[in-house]
Amino acid sequence: MATTVAVYNIKGGVGKTSAAVNLAWTAADEGARVLLWDLDPQGAASYLLRIRPKVRGGGAKLVRGKSDPAALLKGSDHARLDLLPADFSYRNMDLALDATKRPTHGLARVLAPLAGDYDYVFLDCAPAISLASESVFAAADVLLVPLIPTPLSLRAYDQLARFVAEQVPKPRPRILAFLSMIDGRKTLHRDIAEQLAAADGVLGSTIPAASDIERMGSERRALAQFAPQGRAARAYGALWTELRGRLAG
Amino acid sequence: MDLPRTQLLLPDGTDASTAADRLAAHAAVVTQRAHRTDRTFWDTFDGRLHAAGLVLVDSGNRFVLADARTYAEQAAADHARGLRRLAAIDLPTGALRERLEPITEMRILEPVVRVRSRVLPVNVLDELGKIVVRLLAEEPTALAGGDVMVALRPRLNVVGVLGYDAEYERVLALLTGELDLQPVAQPVQDEAVELTGRVVGGTSSKLRVTLTPDMRADLAAVAVLRRLAEIIEANLPGTLADTDSEYLHDLRVAVRRSRALQRELRGVFAPEPLRVFRDGFRELQVLTGPTRDLDVQLLEFADLAATLPEQTAPDVAPLRELLELRLGAERAKMVRGLRSERTRALLANWSDFVDALVTAPDDDRPDAARPVADVAGKRIGKVYRQMVKMGSAIGPDSPHEALHDLRKKGKELRYLLEFFASLYPADVVKPMVATLKGLQDVLGRFQDREVQADALRALGDEIAALEGGAAALMAMGVLVQQLAQEQAEAREQFDERFAQFAAKAQRKLVSQTFG
């Protein structure tokens, strides 16, 4: 049965998609069978994997159980990594979910028949707290939260932790965070990173603000494909190793 | 999820790079760095995986069970390096063991052939530069032991990518149309087995002899006996090495069938040499009997122990140890006997004798020149009638021996049908075989349970003297009771099964067909 990791943050622009794509790729490289679901209507993960952000029948049919999710999957350039692509209609995911019987279980229903084929499912989630994100919370075993070391980002993380603890019915996903887009030259980044290093639920591995990660957009490939030995690829490797350990523990 | 896969042959003289170049003229392709693979294909002696359309591929420290044609993976597990043989039951719990156990049963898996390949991956891309079809151009070589290497035909594996079926079909059409590549007729492992001089699909112990009704009876006997001699010879090394218990089983079946034919078609042999060989084969059967009995007891041990209540089950451990100890001693005796000059001479002389039958004078062989269908048919009719008579005489108070004797006679009929059923109309033989099987099943259970219970009782004194013996003895008491219960159930089914076997309509058919 697959372990589902939702890469999630209320805020946008924190490195969710880079994390989802590179972690999924790294896991597949290690031999795991991995599915990545690009839930963001902007389709950045689909774009990076050179797969058209198009789902036949759109998101509404999918969450209503009218489309076979297995028939919508696309193999990536990694033989063990498949993608359930984004679709522009995902922008209306809340409406689509609302029209179902148990809106918060819509995503879990889609994933259920696929779970036996994969070891890990990564969800690249759109930034927001909405019905769609509540459905993410119900489907995920772990919320993996990329944090950029700014006070606002920390506030958003606190909001998320509170929301999950207070509003999400059991079984709740575990929340694990990691520091993303760290610029070692900035004092603020260094201070917040230090402050968070000891916090519960924050992973020790961090992801630097690296030009390799920015290049992913022009390369349209995972880091392991074009800069496998770079600082950023190694950082994602270490993050995956730590996360895998936590998932197993 | 299974991906579409096809394997195509590359034409003679086309290596992997040439194939990639030819393809590049028709599609956007990226050639990656070539790599080498080293695979050893495993199977049981009788090719059970091959028969199931599967391959077990060992890449040094990992087994992958896959479809024999597409190589789509079905289960996998890591293993220690240097493994020479494998019993499925010894694998760690998991998908591979679950898939293998029911197929291999008691048989050991061993390496069959090793194939080393140079593989050139070639990816076909779409307009976004995304891989939509994977091609693996393979130049395989079979290793035939030592340094002997045999080049196999190069091939192109075409593998689809999930969600890109149309692209897969387009590339396949291009390869088979424009580039005129043909699908492979034989998977690489079969070609490797064949070109290194071995039998594809393993060594069968099935009879598989084609006879015709008007064939001379002695020539029909020769055909069957030669095949049986082959089976004995093929299974002797594995029996001596104790690779698995099935070698001895198949060897004993072949010996028993040979004895049955010696008996049923005795009129095609000269009496005096036949008597000597019948004695020799009986000795062979006696020599191998105790080991087989203990093999069976140990094979059935887990099932039998499973009938015990959970808290009692561990108590029978001393029994298992004792059986294993006995098996060791009996096996040593058997191996000495099988390796002896006497056995070697028996089998060699028997083969010569069978071969010589083809040209031997037939003055003292009254049935030799008769059509085999006449000789065998007469025996089939006679044995069937004897069984009907014996079975009809069995009542509620008949001694167990009456049922045991009927089973023995049933075995005679079974062998006759195994050898000669193809010579007669299927509508007569088929119901006869089916009802005989149903009857023998009940009689077999009836006798086996008694034999098992007797065997347990015979071990009682010895078990009692062992540490933990008292508890084992009590558990054995429960087992004996269980066996008695099963025997009684088999006895209850006898009347119904016999009535089917001896039904009036069937008796009439048998009499019309076999006289």
# chains A, B, ... in the order shown; residues from 1 in each chain; ligands from 1

call {"tool": "residues_around", "arguments": {"residues": "Val316 (chain B)", "least_positions_apart": "4", "cutoff": "7 Å", "atoms": "only C-alpha atoms", "output": "list in words"}}
result
Arg320, Ala472 and Ala475 of chain B

call {"tool": "write_last_selection", "arguments": {"atoms": "N, CA, C and O atoms", "output": "compact mmCIF listing (two decimals), in the first residue's frame"}}
result
# COMPACT_ATOMS: atom_id res chain seq x y z
N ARG B 320 9.06 -35.31 13.84
CA ARG B 320 9.66 -34.84 12.60
C ARG B 320 11.17 -35.13 12.59
O ARG B 320 11.71 -35.62 11.60
N ALA B 472 4.79 -35.68 22.59
CA ALA B 472 4.74 -36.04 21.17
C ALA B 472 3.81 -37.24 20.98
O ALA B 472 3.01 -37.29 20.04
N ALA B 475 0.26 -36.19 21.11
CA ALA B 475 -0.12 -35.51 19.87
C ALA B 475 -0.29 -36.52 18.75
O ALA B 475 -1.20 -36.42 17.92

call {"tool": "residues_around", "arguments": {"residues": "Pro92 (chain B)", "least_positions_apart": "4", "cutoff": "12 Å", "atoms": "only C-alpha atoms", "output": "list in words"}}
result
Ala76, Ala77, Asp78, His79, Ala80, Leu86, Ala87, Ala88, Leu96, Arg97, Glu98, Leu100 and Glu101 of chain B

call {"tool": "write_last_selection", "arguments": {"atoms": "C-alpha atoms", "output": "mmCIF file, in the first residue's frame"}}
result
data_model
loop_
_atom_site.group_PDB
_atom_site.id
_atom_site.type_symbol
_atom_site.label_atom_id
_atom_site.label_comp_id
_atom_site.auth_asym_id
_atom_site.auth_seq_id
_atom_site.Cartn_x
_atom_site.Cartn_y
_atom_site.Cartn_z
ATOM 1 C CA ALA B 76 10.994 -9.808 -7.019
ATOM 2 C CA ALA B 77 13.225 -10.360 -3.999
ATOM 3 C CA ASP B 78 16.875 -9.866 -3.094
ATOM 4 C CA HIS B 79 19.050 -12.868 -2.311
ATOM 5 C CA ALA B 80 22.546 -13.597 -1.079
ATOM 6 C CA LEU B 86 16.643 -22.475 -4.176
ATOM 7 C CA ALA B 87 13.505 -23.938 -2.651
ATOM 8 C CA ALA B 88 10.617 -21.473 -2.925
ATOM 9 C CA LEU B 96 7.905 -13.830 -4.937
ATOM 10 C CA ARG B 97 7.455 -16.747 -2.569
ATOM 11 C CA GLU B 98 3.675 -16.532 -2.884
ATOM 12 C CA LEU B 100 6.580 -19.434 -6.828
ATOM 13 C CA GLU B 101 5.439 -21.892 -4.169
#

call {"tool": "residues_around", "arguments": {"residues": "Asp126 (chain B)", "least_positions_apart": "5", "cutoff": "12 Å", "atoms": "only C-alpha atoms", "output": "PDB file with N, CA, C and O atoms, in the first residue's frame"}}
result
ATOM      1  N   ARG A  50       7.561  17.536 -18.820  1.00  0.00           N
ATOM      2  CA  ARG A  50       7.244  17.572 -20.266  1.00  0.00           C
ATOM      3  C   ARG A  50       5.981  16.777 -20.603  1.00  0.00           C
ATOM      4  O   ARG A  50       5.929  16.048 -21.605  1.00  0.00           O
ATOM      5  N   ILE A  51       5.023  16.856 -19.721  1.00  0.00           N
ATOM      6  CA  ILE A  51       3.770  16.140 -19.957  1.00  0.00           C
ATOM      7  C   ILE A  51       2.650  17.173 -20.037  1.00  0.00           C
ATOM      8  O   ILE A  51       2.586  18.084 -19.208  1.00  0.00           O
ATOM      9  N   ARG A  52       1.791  17.046 -21.033  1.00  0.00           N
ATOM     10  CA  ARG A  52       0.741  18.044 -21.221  1.00  0.00           C
ATOM     11  C   ARG A  52      -0.190  18.085 -20.015  1.00  0.00           C
ATOM     12  O   ARG A  52      -0.661  17.030 -19.561  1.00  0.00           O
ATOM     13  N   ASP A  77       9.861  10.407 -17.788  1.00  0.00           N
ATOM     14  CA  ASP A  77      11.112   9.925 -18.373  1.00  0.00           C
ATOM     15  C   ASP A  77      11.849   8.985 -17.421  1.00  0.00           C
ATOM     16  O   ASP A  77      12.871   8.412 -17.783  1.00  0.00           O
TER      17      ASP A  77
ATOM     18  N   ALA B  27      12.463   8.893 -36.811  1.00  0.00           N
ATOM     19  CA  ALA B  27      11.844   9.400 -35.583  1.00  0.00           C
ATOM     20  C   ALA B  27      12.890  10.129 -34.750  1.00  0.00           C
ATOM     21  O   ALA B  27      14.090   9.910 -34.933  1.00  0.00           O
ATOM     22  N   ALA B  28      12.413  11.022 -33.878  1.00  0.00           N
ATOM     23  CA  ALA B  28      13.342  11.727 -32.988  1.00  0.00           C
ATOM     24  C   ALA B  28      13.790  10.749 -31.915  1.00  0.00           C
ATOM     25  O   ALA B  28      12.970  10.260 -31.133  1.00  0.00           O
ATOM     26  N   VAL B  29      15.059  10.430 -31.921  1.00  0.00           N
ATOM     27  CA  VAL B  29      15.549   9.453 -30.942  1.00  0.00           C
ATOM     28  C   VAL B  29      16.784   9.988 -30.218  1.00  0.00           C
ATOM     29  O   VAL B  29      17.525  10.805 -30.764  1.00  0.00           O
ATOM     30  N   VAL B  30      16.953   9.515 -29.017  1.00  0.00           N
ATOM     31  CA  VAL B  30      18.174   9.817 -28.273  1.00  0.00           C
ATOM     32  C   VAL B  30      18.779   8.493 -27.843  1.00  0.00           C
ATOM     33  O   VAL B  30      18.101   7.662 -27.236  1.00  0.00           O
ATOM     34  N   ILE B 131      10.211  11.291 -23.448  1.00  0.00           N
ATOM     35  CA  ILE B 131      10.313   9.894 -23.888  1.00  0.00           C
ATOM     36  C   ILE B 131       8.904   9.304 -24.021  1.00  0.00           C
ATOM     37  O   ILE B 131       8.122   9.347 -23.067  1.00  0.00           O
ATOM     38  N   VAL B 132       8.590   8.772 -25.188  1.00  0.00           N
ATOM     39  CA  VAL B 132       7.263   8.176 -25.385  1.00  0.00           C
ATOM     40  C   VAL B 132       7.342   6.680 -25.712  1.00  0.00           C
ATOM     41  O   VAL B 132       6.339   5.964 -25.586  1.00  0.00           O
ATOM     42  N   VAL B 133       8.503   6.213 -26.145  1.00  0.00           N
ATOM     43  CA  VAL B 133       8.716   4.779 -26.358  1.00  0.00           C
ATOM     44  C   VAL B 133      10.170   4.489 -25.990  1.00  0.00           C
ATOM     45  O   VAL B 133      11.057   5.284 -26.309  1.00  0.00           O
ATOM     46  N   ARG B 134      10.384   3.359 -25.305  1.00  0.00           N
ATOM     47  CA  ARG B 134      11.758   2.976 -24.967  1.00  0.00           C
ATOM     48  C   ARG B 134      12.157   1.770 -25.813  1.00  0.00           C
ATOM     49  O   ARG B 134      11.397   0.796 -25.907  1.00  0.00           O
ATOM     50  N   VAL B 161       5.412   3.476 -23.028  1.00  0.00           N
ATOM     51  CA  VAL B 161       5.399   4.333 -21.832  1.00  0.00           C
ATOM     52  C   VAL B 161       3.930   4.549 -21.482  1.00  0.00           C
ATOM     53  O   VAL B 161       3.096   4.772 -22.376  1.00  0.00           O
ATOM     54  N   TYR B 164       1.019   6.560 -23.432  1.00  0.00           N
ATOM     55  CA  TYR B 164       1.478   6.931 -24.783  1.00  0.00           C
ATOM     56  C   TYR B 164       1.306   5.736 -25.736  1.00  0.00           C
ATOM     57  O   TYR B 164       2.217   5.367 -26.475  1.00  0.00           O
ATOM     58  N   ALA B 166      -0.598   5.373 -28.403  1.00  0.00           N
ATOM     59  CA  ALA B 166      -0.627   5.683 -29.834  1.00  0.00           C
ATOM     60  C   ALA B 166       0.805   5.795 -30.369  1.00  0.00           C
ATOM     61  O   ALA B 166       1.108   5.299 -31.466  1.00  0.00           O
ATOM     62  N   GLU B 167       1.677   6.405 -29.588  1.00  0.00           N
ATOM     63  CA  GLU B 167       3.073   6.548 -30.005  1.00  0.00           C
ATOM     64  C   GLU B 167       3.742   5.171 -30.112  1.00  0.00           C
ATOM     65  O   GLU B 167       4.523   4.908 -31.026  1.00  0.00           O
ATOM     66  N   TYR B 168       3.398   4.297 -29.171  1.00  0.00           N
ATOM     67  CA  TYR B 168       3.953   2.936 -29.184  1.00  0.00           C
ATOM     68  C   TYR B 168       3.544   2.219 -30.474  1.00  0.00           C
ATOM     69  O   TYR B 168       4.376   1.616 -31.162  1.00  0.00           O
ATOM     70  N   ARG B 170       2.615   3.547 -33.247  1.00  0.00           N
ATOM     71  CA  ARG B 170       3.220   4.196 -34.414  1.00  0.00           C
ATOM     72  C   ARG B 170       4.668   3.712 -34.602  1.00  0.00           C
ATOM     73  O   ARG B 170       5.079   3.346 -35.704  1.00  0.00           O
ATOM     74  N   VAL B 171       5.412   3.640 -33.504  1.00  0.00           N
ATOM     75  CA  VAL B 171       6.812   3.210 -33.591  1.00  0.00           C
ATOM     76  C   VAL B 171       6.889   1.735 -33.996  1.00  0.00           C
ATOM     77  O   VAL B 171       7.710   1.343 -34.823  1.00  0.00           O
TER      78      VAL B 171
END

call {"tool": "closest_residue", "arguments": {"among": "A:Ala32, A:Ala115, A:Ile10, A:Ala165", "to": "Ala128 (chain A)", "atoms": "only C-alpha atoms"}}
result
A:Ile10

call {"tool": "closest_atom_pairs", "arguments": {"of": "chain B", "to": "chain A", "cutoff": "7 Å", "atoms": "only C-alpha atoms", "output": "tab-separated table"}}
result
residue	atom	partner	partner_atom	distance
B:Met1	CA	A:Asp117	CA	6.9
B:Leu128	CA	A:Arg50	CA	6.1
B:Lys130	CA	A:Arg50	CA	5.8
B:Ile131	CA	A:Asp77	CA	5.6
B:Val161	CA	A:Gly75	CA	5.4
B:Leu162	CA	A:Gly75	CA	4.5
B:Gly163	CA	A:Lys74	CA	4.5

call {"tool": "write_last_selection", "arguments": {"atoms": "C-alpha atoms", "output": "CSV table (one decimal), in the first residue's frame"}}
result
chain,number,residue,atom,x,y,z
B,1,MET,CA,0.6,-1.6,-14.5
B,128,LEU,CA,8.2,18.2,-26.2
B,130,LYS,CA,9.6,13.6,-23.7
B,131,ILE,CA,10.3,9.9,-23.9
B,161,VAL,CA,5.4,4.3,-21.8
B,162,LEU,CA,2.3,4.6,-19.7
B,163,GLY,CA,-0.3,6.9,-21.4

call {"tool": "atom_distance", "arguments": {"atom1": "CA of Ala502 (chain B)", "atom2": "CA of Val388 (chain B)"}}
result
5.9 Å

call {"tool": "select_by_dssp", "arguments": {"residues": "region 77-154 of chain A", "states": "strand (DSSP E)", "output": "list in words"}}
result
Leu81, Asp82, Leu83, Leu84, Tyr120, Val121, Phe122, Leu123, Asp124, Val142, Leu143, Leu144, Val145, Pro146 and Leu147 of chain A

call {"tool": "write_last_selection", "arguments": {"atoms": "C-alpha atoms", "output": "PDB file, in the first residue's frame"}}
result
ATOM      1  CA  LEU A  81       7.765   7.529 -11.924  1.00  0.00           C
ATOM      2  CA  ASP A  82       4.250   8.127 -13.277  1.00  0.00           C
ATOM      3  CA  LEU A  83       2.273  11.334 -13.308  1.00  0.00           C
ATOM      4  CA  LEU A  84      -1.405  12.055 -12.927  1.00  0.00           C
ATOM      5  CA  TYR A 120       4.842   6.358  -2.714  1.00  0.00           C
ATOM      6  CA  VAL A 121       2.320   8.872  -3.955  1.00  0.00           C
ATOM      7  CA  PHE A 122       3.364  12.527  -3.973  1.00  0.00           C
ATOM      8  CA  LEU A 123       0.740  15.249  -4.228  1.00  0.00           C
ATOM      9  CA  ASP A 124       1.894  18.601  -5.562  1.00  0.00           C
ATOM     10  CA  VAL A 142       2.169  13.140   5.662  1.00  0.00           C
ATOM     11  CA  LEU A 143       1.951  16.840   4.866  1.00  0.00           C
ATOM     12  CA  LEU A 144       5.422  17.881   3.815  1.00  0.00           C
ATOM     13  CA  VAL A 145       5.640  21.618   4.208  1.00  0.00           C
ATOM     14  CA  PRO A 146       8.403  23.619   2.559  1.00  0.00           C
ATOM     15  CA  LEU A 147       9.168  26.675   4.701  1.00  0.00           C
TER      16      LEU A 147
END

call {"tool": "residues_around", "arguments": {"residues": "Asp98 (chain A)", "least_positions_apart": "4", "cutoff": "12 Å", "atoms": "only C-alpha atoms", "output": "PyMOL selection string"}}
result
chain A and resi 60+63-64+92-94+102-106+130-132+134-135

call {"tool": "write_last_selection", "arguments": {"atoms": "N, CA, C and O atoms", "output": "PDB file, in the first residue's frame"}}
result
ATOM      1  N   ALA A  60     -13.534  17.347 -12.470  1.00  0.00           N
ATOM      2  CA  ALA A  60     -14.855  17.059 -11.909  1.00  0.00           C
ATOM      3  C   ALA A  60     -15.207  15.583 -12.098  1.00  0.00           C
ATOM      4  O   ALA A  60     -15.614  14.899 -11.150  1.00  0.00           O
ATOM      5  N   VAL A  63     -13.008  13.314  -9.720  1.00  0.00           N
ATOM      6  CA  VAL A  63     -13.351  13.186  -8.294  1.00  0.00           C
ATOM      7  C   VAL A  63     -14.758  12.614  -8.096  1.00  0.00           C
ATOM      8  O   VAL A  63     -15.072  12.117  -7.024  1.00  0.00           O
ATOM      9  N   ARG A  64     -15.576  12.659  -9.140  1.00  0.00           N
ATOM     10  CA  ARG A  64     -16.910  12.052  -9.025  1.00  0.00           C
ATOM     11  C   ARG A  64     -16.872  10.558  -9.337  1.00  0.00           C
ATOM     12  O   ARG A  64     -17.883   9.878  -9.323  1.00  0.00           O
ATOM     13  N   ASN A  92     -11.292  24.662 -10.394  1.00  0.00           N
ATOM     14  CA  ASN A  92     -12.655  24.561  -9.851  1.00  0.00           C
ATOM     15  C   ASN A  92     -12.816  23.309  -8.988  1.00  0.00           C
ATOM     16  O   ASN A  92     -13.924  22.797  -8.835  1.00  0.00           O
ATOM     17  N   MET A  93     -11.718  22.800  -8.458  1.00  0.00           N
ATOM     18  CA  MET A  93     -11.756  21.544  -7.707  1.00  0.00           C
ATOM     19  C   MET A  93     -12.721  21.617  -6.522  1.00  0.00           C
ATOM     20  O   MET A  93     -13.416  20.639  -6.219  1.00  0.00           O
ATOM     21  N   ASP A  94     -12.768  22.780  -5.859  1.00  0.00           N
ATOM     22  CA  ASP A  94     -13.666  22.919  -4.713  1.00  0.00           C
ATOM     23  C   ASP A  94     -15.114  22.656  -5.116  1.00  0.00           C
ATOM     24  O   ASP A  94     -15.850  21.928  -4.448  1.00  0.00           O
ATOM     25  N   ARG A 102     -19.082  12.864  -0.210  1.00  0.00           N
ATOM     26  CA  ARG A 102     -18.178  13.189   0.904  1.00  0.00           C
ATOM     27  C   ARG A 102     -17.022  13.998   0.329  1.00  0.00           C
ATOM     28  O   ARG A 102     -15.986  13.437  -0.037  1.00  0.00           O
ATOM     29  N   PRO A 103     -17.206  15.317   0.246  1.00  0.00           N
ATOM     30  CA  PRO A 103     -16.240  16.167  -0.468  1.00  0.00           C
ATOM     31  C   PRO A 103     -14.806  15.999   0.012  1.00  0.00           C
ATOM     32  O   PRO A 103     -13.885  15.962  -0.790  1.00  0.00           O
ATOM     33  N   THR A 104     -14.618  15.827   1.329  1.00  0.00           N
ATOM     34  CA  THR A 104     -13.244  15.776   1.818  1.00  0.00           C
ATOM     35  C   THR A 104     -12.555  14.457   1.474  1.00  0.00           C
ATOM     36  O   THR A 104     -11.359  14.306   1.679  1.00  0.00           O
ATOM     37  N   HIS A 105     -13.311  13.471   0.964  1.00  0.00           N
ATOM     38  CA  HIS A 105     -12.683  12.186   0.618  1.00  0.00           C
ATOM     39  C   HIS A 105     -12.519  12.003  -0.890  1.00  0.00           C
ATOM     40  O   HIS A 105     -12.152  10.930  -1.348  1.00  0.00           O
ATOM     41  N   GLY A 106     -12.782  13.076  -1.631  1.00  0.00           N
ATOM     42  CA  GLY A 106     -12.736  12.989  -3.092  1.00  0.00           C
ATOM     43  C   GLY A 106     -11.383  12.532  -3.625  1.00  0.00           C
ATOM     44  O   GLY A 106     -11.307  11.655  -4.486  1.00  0.00           O
ATOM     45  N   SER A 130      -8.620  25.247   1.489  1.00  0.00           N
ATOM     46  CA  SER A 130      -9.899  25.193   0.784  1.00  0.00           C
ATOM     47  C   SER A 130     -10.456  23.787   0.957  1.00  0.00           C
ATOM     48  O   SER A 130      -9.845  22.951   1.636  1.00  0.00           O
ATOM     49  N   LEU A 131     -11.574  23.544   0.310  1.00  0.00           N
ATOM     50  CA  LEU A 131     -12.140  22.198   0.355  1.00  0.00           C
ATOM     51  C   LEU A 131     -11.154  21.197  -0.260  1.00  0.00           C
ATOM     52  O   LEU A 131     -10.982  20.076   0.227  1.00  0.00           O
ATOM     53  N   ALA A 132     -10.484  21.654  -1.348  1.00  0.00           N
ATOM     54  CA  ALA A 132      -9.518  20.772  -2.012  1.00  0.00           C
ATOM     55  C   ALA A 132      -8.394  20.421  -1.045  1.00  0.00           C
ATOM     56  O   ALA A 132      -7.948  19.269  -0.985  1.00  0.00           O
ATOM     57  N   GLU A 134      -8.566  20.346   2.179  1.00  0.00           N
ATOM     58  CA  GLU A 134      -9.097  19.427   3.206  1.00  0.00           C
ATOM     59  C   GLU A 134      -9.136  17.995   2.663  1.00  0.00           C
ATOM     60  O   GLU A 134      -8.894  17.032   3.382  1.00  0.00           O
ATOM     61  N   SER A 135      -9.440  17.894   1.381  1.00  0.00           N
ATOM     62  CA  SER A 135      -9.437  16.580   0.755  1.00  0.00           C
ATOM     63  C   SER A 135      -8.008  16.024   0.689  1.00  0.00           C
ATOM     64  O   SER A 135      -7.794  14.812   0.815  1.00  0.00           O
TER      65      SER A 135
END

call {"tool": "residues_around", "arguments": {"residues": "region 62-74 of chain B", "least_positions_apart": "5", "cutoff": "9 Å", "atoms": "only C-alpha atoms", "output": "ChimeraX atom specification"}}
result
/B:2-7,49-50,52-57,79-81,95-96,99-100,157,159,186-189

call {"tool": "residues_around", "arguments": {"residues": "region 172-175 of chain B", "least_positions_apart": "3", "cutoff": "9 Å", "atoms": "only C-alpha atoms", "output": "ChimeraX atom specification"}}
result
/B:6,8,23,26,158,167-169,178-182

call {"tool": "write_last_selection", "arguments": {"atoms": "C-alpha atoms", "output": "short mmCIF file (atom, residue, chain, number, x, y, z; two decimals), in the first residue's frame"}}
result
data_model
loop_
_atom_site.label_atom_id
_atom_site.label_comp_id
_atom_site.auth_asym_id
_atom_site.auth_seq_id
_atom_site.Cartn_x
_atom_site.Cartn_y
_atom_site.Cartn_z
CA THR B 6 7.25 -6.42 -28.13
CA LEU B 8 11.74 -7.88 -32.58
CA LEU B 23 15.58 4.45 -36.67
CA HIS B 26 12.37 8.13 -39.13
CA VAL B 158 10.17 -2.18 -27.73
CA GLU B 167 3.07 6.55 -30.00
CA TYR B 168 3.95 2.94 -29.18
CA GLU B 169 1.75 1.66 -32.01
CA GLU B 178 9.43 0.54 -42.92
CA LEU B 179 12.37 -1.22 -41.23
CA ASP B 180 10.92 -4.72 -41.81
CA LEU B 181 11.82 -6.15 -38.39
CA GLN B 182 10.17 -9.45 -37.50
#

call {"tool": "residues_around", "arguments": {"residues": "Lys11 (chain A)", "least_positions_apart": "4", "cutoff": "8 Å", "atoms": "only C-alpha atoms", "output": "PyMOL selection string"}}
result
chain A and resi 127-128+153+156

call {"tool": "closest_residue", "arguments": {"among": "A:Leu154, A:Arg215, A:Met181, A:Leu239", "to": "Ala199 (chain A)", "atoms": "only C-alpha atoms"}}
result
A:Leu154

call {"tool": "atom_distance", "arguments": {"atom1": "CA of Ser205 (chain B)", "atom2": "CA of His249 (chain B)"}}
result
10.1 Å

call {"tool": "select_by_dssp", "arguments": {"residues": "region 123-352 of chain B", "states": "helix (DSSP H, G or I)", "output": "MDAnalysis selection string"}}
result
chainID B and resid 165:176 188:195 217:241 245:264 266:268 271:299 301:306 313:339 341:352

call {"tool": "atom_distance", "arguments": {"atom1": "CA of Leu347 (chain B)", "atom2": "CA of Arg266 (chain B)"}}
result
18.7 Å

call {"tool": "closest_residue", "arguments": {"among": "A:Gly230, A:Leu179, A:Gly58, A:Met1", "to": "Arg33 (chain A)", "atoms": "only C-alpha atoms"}}
result
A:Met1

call {"tool": "closest_residue", "arguments": {"among": "A:Ala126, A:Gly57, A:Ala99, A:Ala27", "to": "Pro41 (chain A)", "atoms": "only C-alpha atoms"}}
result
A:Ala126

call {"tool": "closest_residue", "arguments": {"among": "A:Asp87, A:Leu48, A:Leu223, A:Leu95", "to": "Gly129 (chain B)", "atoms": "only C-alpha atoms"}}
result
A:Leu48
